[in-house]
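Coordinates from my_file09.txt are shown below (compact mmCIF, C-alpha atoms and all ligand atoms).
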# COMPACT_ATOMS: atom_id res chain seq x y z
CA MET A 129 233.84 159.84 -192.81
CA ASN A 130 232.45 163.33 -192.95
CA SER A 131 232.42 164.29 -189.28
CA LYS A 132 229.21 166.31 -189.70
CA THR A 133 227.28 163.12 -190.35
CA ALA A 134 228.42 161.35 -187.15
CA ARG A 135 225.41 160.11 -185.23
CA LEU A 136 225.58 158.33 -181.90
CA ARG A 137 222.93 156.95 -179.62
CA PHE A 138 222.50 156.25 -175.94
CA ALA A 139 220.05 153.38 -175.66
CA PRO A 140 219.02 152.50 -172.11
CA SER A 141 216.28 150.04 -171.18
CA PRO A 142 213.80 151.70 -168.81
CA ASN A 143 213.49 148.69 -166.52
CA GLY A 144 215.31 150.31 -163.61
CA TYR A 145 217.16 153.46 -162.56
CA LEU A 146 220.42 154.51 -164.21
CA HIS A 147 223.54 153.56 -162.27
CA LEU A 148 227.08 154.87 -162.45
CA GLY A 149 227.85 152.59 -165.39
CA HIS A 150 225.04 154.10 -167.45
CA ALA A 151 226.13 157.59 -166.45
CA TYR A 152 229.64 156.82 -167.69
CA SER A 153 228.29 155.39 -170.94
CA ALA A 154 226.10 158.44 -171.58
CA LEU A 155 229.00 160.79 -170.85
CA VAL A 156 231.42 158.86 -173.08
CA ASN A 157 228.83 159.00 -175.86
CA LYS A 158 228.43 162.73 -175.37
CA HIS A 159 232.18 163.28 -175.32
CA ILE A 160 232.75 161.35 -178.55
CA ALA A 161 229.75 162.98 -180.26
CA ASP A 162 231.19 166.41 -179.37
CA GLU A 163 234.66 165.42 -180.56
CA LEU A 164 233.24 164.28 -183.90
CA ASN A 165 231.08 167.36 -184.10
CA GLY A 166 228.20 164.95 -184.39
CA GLU A 167 224.80 164.32 -182.89
CA LEU A 168 223.79 162.13 -179.94
CA ILE A 169 220.27 160.79 -179.74
CA LEU A 170 218.38 158.96 -177.03
CA ARG A 171 216.53 155.70 -177.67
CA MET A 172 214.42 153.80 -175.16
CA GLU A 173 214.90 150.07 -175.58
CA ASN A 174 211.59 148.99 -174.10
CA ILE A 175 210.51 145.94 -176.07
CA ASP A 176 209.95 144.23 -172.73
CA THR A 177 206.73 146.09 -172.11
CA ILE A 178 206.20 144.40 -168.76
CA ARG A 179 209.49 145.26 -167.06
CA CYS A 180 209.93 148.65 -168.76
CA THR A 181 207.80 151.45 -167.33
CA THR A 182 207.05 155.10 -167.98
CA GLU A 183 208.16 155.84 -164.44
CA PHE A 184 211.65 154.52 -165.14
CA GLU A 185 211.71 156.28 -168.50
CA ASN A 186 210.91 159.64 -166.89
CA ALA A 187 213.50 159.00 -164.19
CA ILE A 188 216.15 158.23 -166.85
CA VAL A 189 215.40 161.43 -168.75
CA GLU A 190 215.63 163.41 -165.52
CA ASP A 191 218.90 161.75 -164.48
CA LEU A 192 220.39 162.41 -167.91
CA SER A 193 219.40 166.02 -167.71
CA TRP A 194 221.06 166.25 -164.28
CA LEU A 195 224.19 164.81 -165.95
CA GLU A 196 223.89 167.66 -168.45
CA CYS A 197 223.16 165.19 -171.23
CA ASP A 198 220.05 166.69 -172.77
CA PHE A 199 218.46 164.92 -175.65
CA GLN A 200 216.08 166.01 -178.35
CA LYS A 201 212.45 165.02 -178.04
CA PRO A 202 210.65 163.07 -179.21
CA PHE A 203 213.01 160.14 -178.90
CA ARG A 204 212.40 156.71 -180.29
CA ARG A 205 210.69 154.14 -178.11
CA GLN A 206 211.11 150.64 -179.45
CA SER A 207 207.65 149.63 -178.22
CA GLU A 208 206.15 152.08 -180.75
CA HIS A 209 207.91 150.52 -183.73
CA PHE A 210 207.14 146.83 -183.64
CA SER A 211 206.10 146.97 -187.31
CA ASP A 212 209.69 147.89 -188.29
CA TYR A 213 211.02 144.83 -186.51
CA ARG A 214 208.28 142.68 -187.96
CA LYS A 215 209.40 143.68 -191.48
CA ALA A 216 212.99 142.68 -190.77
CA PHE A 217 211.79 139.47 -189.14
CA ASN A 218 209.72 138.67 -192.24
CA GLU A 219 212.84 138.99 -194.40
CA LEU A 220 214.70 136.50 -192.23
CA GLU A 221 211.71 134.20 -192.34
CA LYS A 222 211.44 134.47 -196.13
CA LEU A 223 215.09 133.45 -196.37
CA GLY A 224 214.30 130.39 -194.25
CA LEU A 225 216.79 131.43 -191.57
CA VAL A 226 214.48 131.29 -188.53
CA TYR A 227 212.51 128.46 -186.96
CA PRO A 228 209.99 128.18 -184.13
CA ALA A 229 211.61 126.75 -180.99
CA PHE A 230 209.40 125.11 -178.38
CA LEU A 231 211.73 123.63 -175.78
CA THR A 232 211.09 124.74 -172.22
CA ARG A 233 213.99 125.62 -169.92
CA GLY A 234 213.53 122.29 -168.17
CA GLU A 235 213.65 120.37 -171.46
CA VAL A 236 216.80 122.21 -172.52
CA LYS A 237 218.44 121.35 -169.20
CA GLU A 238 217.46 117.73 -169.57
CA ILE A 239 218.85 117.47 -173.13
CA ILE A 240 222.14 118.98 -172.00
CA ALA A 241 222.36 116.79 -168.89
CA GLU A 242 221.71 113.71 -171.03
CA ALA A 243 224.43 114.71 -173.54
CA GLU A 244 226.87 115.36 -170.71
CA ARG A 245 226.07 111.98 -169.14
CA LYS A 246 227.21 110.51 -172.46
CA GLY A 247 230.48 112.43 -172.17
CA LYS A 248 229.69 115.28 -174.57
CA ASN A 249 231.13 118.66 -173.74
CA TRP A 250 228.12 120.92 -174.32
CA PRO A 251 229.18 124.24 -175.94
CA ARG A 252 228.59 127.52 -174.09
CA ASP A 253 228.15 131.03 -175.45
CA PRO A 254 230.55 133.89 -174.60
CA ASP A 255 228.41 134.68 -171.53
CA GLY A 256 228.85 131.10 -170.31
CA VAL A 257 225.27 130.04 -171.07
CA PRO A 258 224.84 126.60 -172.71
CA LEU A 259 223.83 126.88 -176.38
CA TYR A 260 220.25 126.06 -177.30
CA PRO A 261 219.91 122.52 -178.73
CA THR A 262 219.59 122.51 -182.51
CA ASP A 263 217.24 119.53 -183.00
CA GLU A 264 214.20 121.69 -183.80
CA ARG A 265 215.88 123.13 -186.87
CA SER A 266 214.53 120.12 -188.72
CA LEU A 267 211.04 120.07 -187.21
CA SER A 268 208.50 119.66 -190.03
CA PRO A 269 206.53 122.82 -190.80
CA VAL A 270 203.29 120.83 -190.44
CA LYS A 271 204.22 119.70 -186.92
CA ALA A 272 205.37 123.21 -185.97
CA LYS A 273 202.10 124.72 -187.24
CA LYS A 274 200.13 122.19 -185.25
CA MET A 275 202.02 122.99 -182.06
CA ILE A 276 201.52 126.72 -182.60
CA ALA A 277 197.80 126.17 -183.18
CA GLU A 278 197.65 124.14 -179.96
CA GLY A 279 199.07 127.11 -178.09
CA VAL A 280 202.47 125.63 -177.17
CA PRO A 281 204.70 128.59 -176.20
CA TYR A 282 207.62 129.19 -178.55
CA SER A 283 210.10 131.76 -179.79
CA TRP A 284 211.75 132.23 -183.15
CA ARG A 285 215.44 131.34 -183.30
CA LEU A 286 218.04 131.96 -185.95
CA ASN A 287 219.42 128.82 -187.57
CA MET A 288 223.02 129.92 -187.08
CA ASP A 289 224.50 127.29 -189.42
CA LEU A 290 222.20 128.30 -192.29
CA ALA A 291 222.67 132.01 -191.58
CA ARG A 292 226.44 131.63 -191.58
CA ARG A 293 226.37 129.57 -194.78
CA PHE A 294 223.93 132.01 -196.37
CA LEU A 295 226.42 134.79 -195.83
CA ASN A 296 229.46 132.70 -196.65
CA LYS A 297 232.10 135.38 -196.12
CA GLU A 298 234.39 136.62 -193.43
CA LEU A 299 232.52 138.88 -191.02
CA PHE A 300 234.20 141.66 -189.11
CA TRP A 301 233.67 145.10 -187.63
CA TYR A 302 235.80 148.15 -187.02
CA GLU A 303 236.41 149.03 -183.41
CA PHE A 304 237.56 152.62 -182.89
CA LYS A 305 239.21 154.28 -179.98
CA GLY A 306 240.36 157.86 -180.30
CA HIS A 307 242.00 158.07 -183.70
CA GLU A 308 242.81 154.39 -183.92
CA THR A 309 240.65 151.79 -185.59
CA GLY A 310 241.13 148.04 -185.44
CA LYS A 311 239.49 145.25 -187.39
CA ILE A 312 237.74 142.65 -185.22
CA ILE A 313 236.72 139.29 -186.65
CA ALA A 314 233.09 138.51 -185.79
CA ARG A 315 232.22 135.02 -184.60
CA PRO A 316 228.41 134.85 -184.39
CA GLU A 317 228.52 131.05 -184.39
CA LEU A 318 229.75 131.19 -180.78
CA TRP A 319 226.22 132.24 -179.78
CA GLY A 320 224.38 129.37 -181.47
CA ASP A 321 220.72 129.74 -182.42
CA VAL A 322 219.96 133.11 -180.81
CA ILE A 323 216.39 134.31 -180.23
CA ILE A 324 215.20 136.61 -182.99
CA ALA A 325 211.60 137.10 -181.92
CA ARG A 326 209.30 136.00 -179.17
CA LYS A 327 205.83 134.64 -179.55
CA ASP A 328 204.10 137.80 -178.38
CA ILE A 329 206.82 140.36 -179.21
CA PRO A 330 207.85 140.29 -182.87
CA THR A 331 211.46 141.03 -182.00
CA SER A 332 214.36 140.52 -179.60
CA TYR A 333 217.20 142.67 -178.32
CA HIS A 334 219.48 141.62 -181.21
CA LEU A 335 216.95 142.28 -183.97
CA SER A 336 215.62 145.60 -182.70
CA VAL A 337 219.04 147.08 -181.95
CA VAL A 338 220.25 146.28 -185.45
CA VAL A 339 217.08 147.60 -187.14
CA ASP A 340 217.13 150.81 -185.09
CA ASP A 341 220.82 151.54 -185.60
CA ALA A 342 220.21 151.22 -189.35
CA LEU A 343 216.95 153.21 -189.45
CA GLN A 344 218.41 155.93 -187.25
CA LYS A 345 221.58 156.05 -189.37
CA ILE A 346 223.86 155.53 -186.40
CA SER A 347 227.48 155.89 -187.53
CA HIS A 348 229.24 155.16 -184.22
CA VAL A 349 227.93 152.73 -181.64
CA VAL A 350 229.45 153.48 -178.24
CA ARG A 351 228.44 151.03 -175.53
CA GLY A 352 229.83 148.92 -172.71
CA ALA A 353 232.38 146.13 -173.10
CA ASP A 354 229.73 143.67 -171.89
CA LEU A 355 228.20 143.93 -175.38
CA PHE A 356 231.48 143.42 -177.28
CA GLN A 357 230.74 139.77 -178.09
CA ALA A 358 227.12 140.47 -179.02
CA THR A 359 228.42 142.66 -181.84
CA SER A 360 229.20 139.44 -183.74
CA VAL A 361 225.50 138.64 -183.90
CA HIS A 362 224.67 142.22 -184.84
CA ARG A 363 227.16 142.18 -187.71
CA LEU A 364 225.66 138.95 -189.04
CA LEU A 365 222.12 140.38 -188.99
CA GLN A 366 223.28 143.64 -190.56
CA GLU A 367 224.89 141.79 -193.47
CA ILE A 368 221.90 139.51 -194.05
CA LEU A 369 219.46 142.43 -193.94
CA GLY A 370 221.69 144.63 -196.12
CA TYR A 371 222.37 147.34 -193.52
CA LYS A 372 225.43 149.55 -193.49
CA PRO A 373 227.50 148.71 -190.39
CA PRO A 374 228.42 151.45 -187.90
CA LEU A 375 231.83 151.71 -186.26
CA TYR A 376 231.94 150.42 -182.71
CA TYR A 377 233.62 151.41 -179.49
CA HIS A 378 233.04 149.18 -176.46
CA HIS A 379 234.14 151.22 -173.49
CA PRO A 380 235.44 149.73 -170.23
CA LEU A 381 232.78 148.95 -167.63
CA VAL A 382 232.48 150.73 -164.33
CA LEU A 383 232.80 147.97 -161.76
CA GLY A 384 231.41 147.84 -158.25
CA ARG A 385 233.61 147.58 -155.16
CA ASP A 386 233.34 143.80 -155.40
CA GLY A 387 234.86 143.94 -158.90
CA HIS A 388 231.60 142.90 -160.55
CA LYS A 389 229.50 144.64 -163.16
CA LEU A 390 226.97 147.05 -161.63
CA SER A 391 223.35 146.02 -161.78
CA LYS A 392 220.16 148.02 -161.85
CA SER A 393 219.01 146.33 -158.67
CA SER A 394 221.94 147.54 -156.54
CA LYS A 395 220.50 150.72 -155.07
CA ASP A 396 223.69 152.24 -153.72
CA THR A 397 225.13 152.97 -157.18
CA SER A 398 221.95 154.33 -158.72
CA LEU A 399 222.35 157.95 -159.74
CA ARG A 400 219.15 158.70 -157.86
CA SER A 401 220.41 157.53 -154.51
CA LEU A 402 223.83 159.15 -155.00
CA ARG A 403 222.05 162.41 -155.75
CA GLU A 404 219.81 161.97 -152.74
CA HIS A 405 222.94 161.52 -150.65
CA GLY A 406 223.99 164.95 -151.81
CA LEU A 407 226.63 164.08 -154.43
CA SER A 408 227.14 166.75 -157.07
CA LEU A 409 227.88 166.22 -160.75
CA GLN A 410 231.53 167.01 -160.00
CA ASP A 411 231.57 164.29 -157.31
CA ILE A 412 230.16 161.77 -159.79
CA LEU A 413 232.71 162.74 -162.42
CA ALA A 414 235.44 162.27 -159.82
CA ILE A 415 234.25 158.71 -159.06
CA LEU A 416 234.02 157.68 -162.71
CA PRO A 417 236.99 156.54 -164.79
CA GLU A 418 238.50 159.30 -166.90
CA ILE A 419 236.41 160.02 -169.99
N1 LIG B 1 219.62 148.62 -174.15
C1 LIG B 1 220.89 148.02 -173.87
C2 LIG B 1 221.17 148.15 -172.37
O1 LIG B 1 220.54 148.93 -171.69
C3 LIG B 1 222.03 148.67 -174.63
C4 LIG B 1 222.00 148.28 -176.03
C5 LIG B 1 223.12 148.81 -176.89
O2 LIG B 1 223.76 149.82 -176.55
O3 LIG B 1 223.33 148.24 -177.95
O4 LIG B 1 222.03 147.44 -171.90

Here is the file; what I need is its structure written in the form of structure tokens.
Ligand code: GLU
Amino acid sequence: MNSKTARLRFAPSPNGYLHLGHAYSALVNKHIADELNGELILRMENIDTIRCTTEFENAIVEDLSWLECDFQKPFRRQSEHFSDYRKAFNELEKLGLVYPAFLTRGEVKEIIAEAERKGKNWPRDPDGVPLYPTDERSLSPVKAKKMIAEGVPYSWRLNMDLARRFLNKELFWYEFKGHETGKIIARPELWGDVIIARKDIPTSYHLSVVVDDALQKISHVVRGADLFQATSVHRLLQEILGYKPPLYYHHPLVLGRDGHKLSKSSKDTSLRSLREHGLSLQDILAILPEI
């Protein structure tokens, strides 16, 4: 690839303050963008307009600037581009690959418990969450319309079997690290019927990230290893929607002292509180794994 066209993105969700893990991710992105003589852009993944706030967004921009990761403005905010996601959603709908799913959490639990009582081993996704039951794939459109009209809450799910059969080819992505690139076989079926859009938000994490990476011509996606398995779903959507796939690098996660992934709610690793405790950028760099 022509290195001048390399384009990377750092894509936080402004639903909390950045922690050390985000700082590492931003710095790895910056390092790789510089190495490739490419460009790094910022994208706010704020489709959850209730949990994401302007206050957190401003704090993220400020923290990034303190990290000496300055980004061009304006940057893309997903909440301002719902029509782009709607278009992609409509394509999936036209292909008959999505269906409205009405089961409540309680109903899902009950279905799974019942199956397990009968000795069935209910499948789980790579995060350990039980897959959504597939019975509603065959719900009649008339019945579904009626339920929607009655105001029953629902979301749109991908019929993974149909989507996989629609594509009918081996799916893979290229994972890069330094100068090495490896081919990874994608297995979207492990995730079952993932959510593609919600009733009141015409998108989901999976759909908007794929649409944005394509629209923003991202050539290298650099993000945490916690999203490695999700890339299978992203590759499936990219192929169905006809998008050019980026290369991927899933960097190691910065773990807390307890060995677990850091969370936005743990105050002691937020960049803010570390700064307030007087840590300098050099101190932060010294704590983080080598970039
Ligand atoms: N917005 C996601 C997060 O904050 C990252 C998405 C991505 O890099 O693909 O975890």

Would you mind listing, for every residue of chain A within 8 Å of ligand LIG 1 (chain B), the two atoms forming the shortest contact and the distance between them in Å to one decimal, using only C-alpha atoms and all ligand atoms, sorted by chain and ascending residue number, as JSON lines?
{"residue": "A:Arg137", "atom": "CA", "partner": "B:LIG1", "partner_atom": "O2", "distance": 7.8}
{"residue": "A:Phe138", "atom": "CA", "partner": "B:LIG1", "partner_atom": "O2", "distance": 6.6}
{"residue": "A:Ala139", "atom": "CA", "partner": "B:LIG1", "partner_atom": "N1", "distance": 5.0}
{"residue": "A:Pro140", "atom": "CA", "partner": "B:LIG1", "partner_atom": "O1", "distance": 3.9}
{"residue": "A:Ser141", "atom": "CA", "partner": "B:LIG1", "partner_atom": "O1", "distance": 4.4}
{"residue": "A:Pro142", "atom": "CA", "partner": "B:LIG1", "partner_atom": "O1", "distance": 7.8}
{"residue": "A:Met172", "atom": "CA", "partner": "B:LIG1", "partner_atom": "N1", "distance": 7.4}
{"residue": "A:Glu173", "atom": "CA", "partner": "B:LIG1", "partner_atom": "N1", "distance": 5.1}
{"residue": "A:Tyr333", "atom": "CA", "partner": "B:LIG1", "partner_atom": "N1", "distance": 7.7}
{"residue": "A:Val337", "atom": "CA", "partner": "B:LIG1", "partner_atom": "O3", "distance": 6.0}
{"residue": "A:Val349", "atom": "CA", "partner": "B:LIG1", "partner_atom": "O2", "distance": 7.2}
{"residue": "A:Val350", "atom": "CA", "partner": "B:LIG1", "partner_atom": "O2", "distance": 7.0}
{"residue": "A:Arg351", "atom": "CA", "partner": "B:LIG1", "partner_atom": "O2", "distance": 4.9}
{"residue": "A:Gly352", "atom": "CA", "partner": "B:LIG1", "partner_atom": "O2", "distance": 7.2}
{"residue": "A:Leu355", "atom": "CA", "partner": "B:LIG1", "partner_atom": "O3", "distance": 7.0}

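Using only C-alpha atoms, the nearest neighbour of Glu196 of chain A within the list A:Tyr282, A:Pro330, A:Ala272, A:Ala154 is A:Ala154.
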
(message) From (202.8, 141.7, -176.5), in the file's coordinates, out to 12 Å: which residues are reached, counting all atoms listed in the file? Answer as a ChimeraX atom specification.
(response) /A:174-178,207-208,210,325-331

(request) Could you please determine the separation between atom CA of Gly384 of chain A and atom CA of Leu148 of chain A in Å, to one decimal place? (result)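 Value for the atom CA of Gly384 of chain A-atom CA of Leu148 of chain A distance: 9.3 Å.
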
(message) If I take atom CA of Phe300 of chain A and atom CA of Gly166 of chain A, how far is one from the other in Å, to one decimal?
(response)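 Spanning atom CA of Phe300 of chain A to atom CA of Gly166 of chain A is a straight-line distance of 24.5 Å.
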
(message) Just checking: using all atoms listed in the file, which residue out of A:Ile169, A:Cys197, A:Cys180, A:Ile415 ends up closest to Leu383 of chain A?
(response) A:Ile415

(message) Could you check the closest approach to Gly144 of chain A for each of A:Arg179, A:Arg265, A:Arg171, A:Lys271 and tell me which residue wins, using only C-alpha atoms?
(response)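 Among A:Arg179, A:Arg265, A:Arg171, A:Lys271, it is A:Arg179 that comes nearest to Gly144 of chain A.
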
(request) Identify, on the basis of all atoms listed in the file, every residue whose closest approach to Lys305 of chain A does not exceed 9 Å; exclude the query and any residue fewer than 3 positions from it along the same chain; express the result as an MDAnalysis selection string. (result) chainID A and resid 308:310 376:379
